[in-house]
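Below: the structure, in structure tokens.
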2 protein chains.
Amino acid sequence: MSQCDIRYHGHMARWQPDARGRLEAAAFELFRERGFEQTTVTDIAARAGLDKRTFYRLFGDKREALFSGSGHLEEVLVKAVTETDAAPFEAVVAAFRRVAGEIFADRLELVRVLQSIIESSPELQERELRKAGSLAAAVAAALRAKGFGETTATLATESGATVFRVAYARWVAPGSDASLADLITEVATELRAITSAQG
Amino acid sequence: MSQCDIRYHGHMARWQPDARGRLEAAAFELFRERGFEQTTVTDIAARAGLDKRTFYRLFGDKREALFSGSGHLEEVLVKAVTETDAAPFEAVVAAFRRVAGEIFADRLELVRVLQSIIESSPELQERELRKAGSLAAAVAAALRAKGFGETTATLATESGATVFRVAYARWVAPGSDASLADLITEVATELRAITSAQG
DNA sequence: AGTACTGATGTCGCCTTGTGACATCACACT
DNA sequence: AGTGTGATGTCACAAGGCGACATCAGTACT
């Protein structure tokens, strides 16, 4: 198995390594500098020293270059939900709290820039919504796999996601200094209060 | 005020009336016949007896032709939320129940076709998500206008929207025969149970 | 009546997104 | 040396979307 010794998987001298990473970085920079709509895919590829066609082989479309992290997020979230034995809503909230610590905690500045880019473009907002949706679908599926019913799984997931969204918005908003995990706990309590109030 | 007698607002002989309506109808038909992606804007305009450029003056993009009804929905929803004095979550759920009766009740078949078109295209799904989002923003704003806090308004709105989405999915699913309004009530009860359960 | 204005529509040309088909060329394996 | 293989570049093209200008019925103003 001498192949295992090859650390630089294939083509190293011929092409700069990590084309995908360079494209993501180039896209992020350009979106920040000029805005999403003022940046063409050709611009991104050029800055990464690649061709437009190569961009489209690595990303489905221009927006995807900005949402590469969401796959990892889904993974961690599903794992967290699977490994607990709490009630569904509590499980989802706890999973988000874990994600808050593992993924978001030390990236506030990055997240703020990312969010400002997204807010500047309707196209990106749509994509973000879809990513959130498929993420929720994955979590709901994980709950169902644990034996919960379709409706229960969906409602717990969506409620948990709502809690996260609100907490996240507060966390990203300027002037806040609480941790995301704490905000999640607070918002979850508020949600319980609101939904259990008497009509 | 003799002008009030003019029923056919302006240009009647020169152009067929209701260009917008004709384009919406043409788009709906073509999307159903060939699918969204297999239909070009030029196709739609041609079927409506108009030019591509005219389409883009009336609709921001190809997807918008399918979501014309969402403006009316938002209007009714906001009105319903404003006119009640129930607690926030209950107010939103009641508003959705009202919308269920006033707008959706006698349109199951149409809604099913619409939904099947949307489900066939990721682009349309993204747009639907965005429409739902701006609708929620409007409802939340209405709650805030009634004096509720930002967080309360958002949580109540999002929870209400979740209830509606789940009920709507059940209603549209084949084989169901309950009314949308009843489904909303049921789902709201389930949500209360889930969020108030002990960890 | 004549004329200028308005406003919805059509025409033309352009850039950008996204894709299929084919060429290229360092590296690996035989 | 010969032969793949796989990531990349090149070319051409359909479709989305937009700016600028032309057209022309009806309206308003004189």
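Ordered as shown in the structure tokens, chains take letters A, B, and onward, while each chain numbers its residues from 1 and ligands are numbered from 1 in the order shown.
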
With chain C as the partner and 9 Å as the cut-off, tabulate the residues of chain B that qualify, each row holding the nearest pair of atoms and their distance in Å to one decimal, using only C-alpha atoms (C1' of nucleotides), sorted by chain and rising number, as a tab-separated table.
```
residue	atom	partner	partner_atom	distance
B:His11	CA	C:DA8	C1'	8.4
B:Trp15	CA	C:DT9	C1'	8.6
B:Leu50	CA	C:DT9	C1'	8.2
B:Asp51	CA	C:DG10	C1'	6.8
B:Arg53	CA	C:DG10	C1'	8.0
B:Thr54	CA	C:DT9	C1'	6.8
```

>> Please extract the residues of segment 10-181 of chain A with a backbone DSSP assignment of alpha helix (DSSP H) and present them as a PyMOL selection string.
In response: chain A and resi 19-34+41-47+52-58+70-82+88-99+108-119+122-145+150-172+180-181

With C-alpha atoms retained, write the just-selected residues as a CSV table (one decimal), in the first residue's frame.
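Saved result, selection13.csv, follows:
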```csv
chain,number,residue,atom,x,y,z
A,19,ALA,CA,-9.0,25.0,-5.7
A,20,ARG,CA,-12.2,24.9,-3.9
A,21,GLY,CA,-10.9,26.7,-0.8
A,22,ARG,CA,-9.3,29.4,-3.0
A,23,LEU,CA,-12.6,29.9,-4.8
A,24,GLU,CA,-14.5,30.2,-1.5
A,25,ALA,CA,-12.0,32.7,-0.2
A,26,ALA,CA,-12.0,34.7,-3.4
A,27,ALA,CA,-15.8,34.8,-3.5
A,28,PHE,CA,-16.0,35.9,0.2
A,29,GLU,CA,-13.5,38.7,-0.4
A,30,LEU,CA,-15.1,40.0,-3.6
A,31,PHE,CA,-18.6,39.8,-2.2
A,32,ARG,CA,-17.4,41.9,0.8
A,33,GLU,CA,-15.5,44.3,-1.4
A,34,ARG,CA,-18.0,45.0,-4.2
A,41,VAL,CA,-18.3,34.3,-11.5
A,42,THR,CA,-15.5,35.1,-13.9
A,43,ASP,CA,-14.1,37.7,-11.3
A,44,ILE,CA,-14.1,35.0,-8.6
A,45,ALA,CA,-12.4,32.5,-10.8
A,46,ALA,CA,-9.8,35.0,-11.9
A,47,ARG,CA,-8.9,36.0,-8.4
A,52,LYS,CA,-15.1,30.2,-14.8
A,53,ARG,CA,-15.8,26.6,-15.9
A,54,THR,CA,-13.9,25.2,-13.0
A,55,PHE,CA,-15.9,27.2,-10.6
A,56,TYR,CA,-19.1,25.6,-11.9
A,57,ARG,CA,-17.6,22.2,-11.6
A,58,LEU,CA,-17.0,22.7,-7.9
A,70,SER,CA,-23.7,24.4,6.1
A,71,GLY,CA,-22.9,20.8,5.4
A,72,HIS,CA,-20.7,20.6,8.4
A,73,LEU,CA,-23.3,22.3,10.5
A,74,GLU,CA,-26.0,19.8,9.5
A,75,GLU,CA,-23.6,17.0,10.4
A,76,VAL,CA,-22.9,18.2,13.9
A,77,LEU,CA,-26.5,19.0,14.5
A,78,VAL,CA,-27.9,15.6,13.4
A,79,LYS,CA,-25.2,13.9,15.5
A,80,ALA,CA,-26.1,15.9,18.6
A,81,VAL,CA,-29.8,15.2,18.2
A,82,THR,CA,-29.2,11.5,17.7
A,88,PRO,CA,-37.8,16.1,21.1
A,89,PHE,CA,-38.0,19.8,21.6
A,90,GLU,CA,-35.4,19.8,24.4
A,91,ALA,CA,-33.2,17.6,22.2
A,92,VAL,CA,-33.3,20.0,19.3
A,93,VAL,CA,-32.6,23.0,21.5
A,94,ALA,CA,-29.7,21.3,23.2
A,95,ALA,CA,-28.3,20.3,19.8
A,96,PHE,CA,-28.4,24.0,18.8
A,97,ARG,CA,-26.7,24.9,22.0
A,98,ARG,CA,-24.0,22.5,21.3
A,99,VAL,CA,-23.5,23.8,17.8
A,108,LEU,CA,-18.7,36.3,15.8
A,109,GLU,CA,-16.8,38.8,13.6
A,110,LEU,CA,-16.8,36.4,10.6
A,111,VAL,CA,-20.5,35.6,11.1
A,112,ARG,CA,-21.3,39.3,11.2
A,113,VAL,CA,-19.6,39.9,7.9
A,114,LEU,CA,-21.2,36.9,6.4
A,115,GLN,CA,-24.6,38.0,7.6
A,116,SER,CA,-24.1,41.5,6.2
A,117,ILE,CA,-23.3,40.0,2.8
A,118,ILE,CA,-26.4,37.9,2.9
A,119,GLU,CA,-28.6,40.7,3.9
A,122,PRO,CA,-32.3,38.8,-1.9
A,123,GLU,CA,-30.8,35.9,-3.9
A,124,LEU,CA,-28.6,35.0,-1.0
A,125,GLN,CA,-31.4,35.3,1.5
A,126,GLU,CA,-33.4,32.8,-0.5
A,127,ARG,CA,-30.5,30.4,-0.5
A,128,GLU,CA,-30.0,30.8,3.2
A,129,LEU,CA,-33.6,30.0,3.8
A,130,ARG,CA,-33.3,26.9,1.7
A,131,LYS,CA,-30.2,25.8,3.5
A,132,ALA,CA,-32.0,26.3,6.8
A,133,GLY,CA,-34.9,24.3,5.4
A,134,SER,CA,-32.9,21.3,4.3
A,135,LEU,CA,-31.0,21.4,7.6
A,136,ALA,CA,-34.3,21.3,9.5
A,137,ALA,CA,-35.4,18.4,7.3
A,138,ALA,CA,-32.3,16.5,8.3
A,139,VAL,CA,-32.9,17.1,12.0
A,140,ALA,CA,-36.6,16.1,11.7
A,141,ALA,CA,-35.5,12.9,10.0
A,142,ALA,CA,-33.1,12.2,12.8
A,143,LEU,CA,-35.9,12.6,15.3
A,144,ARG,CA,-38.1,10.3,13.3
A,145,ALA,CA,-35.4,7.7,13.2
A,150,GLU,CA,-43.8,12.8,11.8
A,151,THR,CA,-45.7,15.7,13.2
A,152,THR,CA,-43.9,15.7,16.6
A,153,ALA,CA,-40.6,15.5,14.8
A,154,THR,CA,-41.4,18.4,12.5
A,155,LEU,CA,-42.9,20.6,15.2
A,156,ALA,CA,-40.0,20.1,17.6
A,157,THR,CA,-37.5,20.8,14.9
A,158,GLU,CA,-39.2,23.9,13.6
A,159,SER,CA,-39.7,25.3,17.1
A,160,GLY,CA,-36.1,24.6,17.9
A,161,ALA,CA,-35.0,26.3,14.7
A,162,THR,CA,-37.2,29.3,15.6
A,163,VAL,CA,-35.5,29.6,18.9
A,164,PHE,CA,-32.1,29.4,17.3
A,165,ARG,CA,-33.0,32.0,14.6
A,166,VAL,CA,-34.2,34.5,17.2
A,167,ALA,CA,-31.2,33.9,19.5
A,168,TYR,CA,-28.8,34.1,16.5
A,169,ALA,CA,-30.3,37.4,15.4
A,170,ARG,CA,-29.8,38.8,18.9
A,171,TRP,CA,-26.3,37.5,19.0
A,172,VAL,CA,-25.3,38.9,15.7
A,180,LEU,CA,-25.1,32.4,21.8
A,181,ALA,CA,-25.7,29.4,24.0
```

> What residues in chain D have any atom no more than 9 Å from chain B when counting only C-alpha atoms (C1' of nucleotides), and can you write them as a list in words?
Replying inline: DA15, DG16, DG17, DC18, DA25 and DG26 of chain D

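When only C-alpha atoms are used to compute distances to chain A, the closest of the residues B:Thr195, B:Ser120, B:Thr185, B:Ser68 turns out to be B:Thr195.
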
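Taking atom CA of Phe67 of chain A as the reference point, atom CA of Phe67 of chain B is found at 26.2 Å.
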
> Hey, can you check how far atom CA of Ile194 of chain A sits from atom CA of Val187 of chain B?
Replying inline: 15.8 Å

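The two atoms in question, atom CA of Phe104 of chain A and atom CA of Gly175 of chain A, are spaced 17.3 Å apart.
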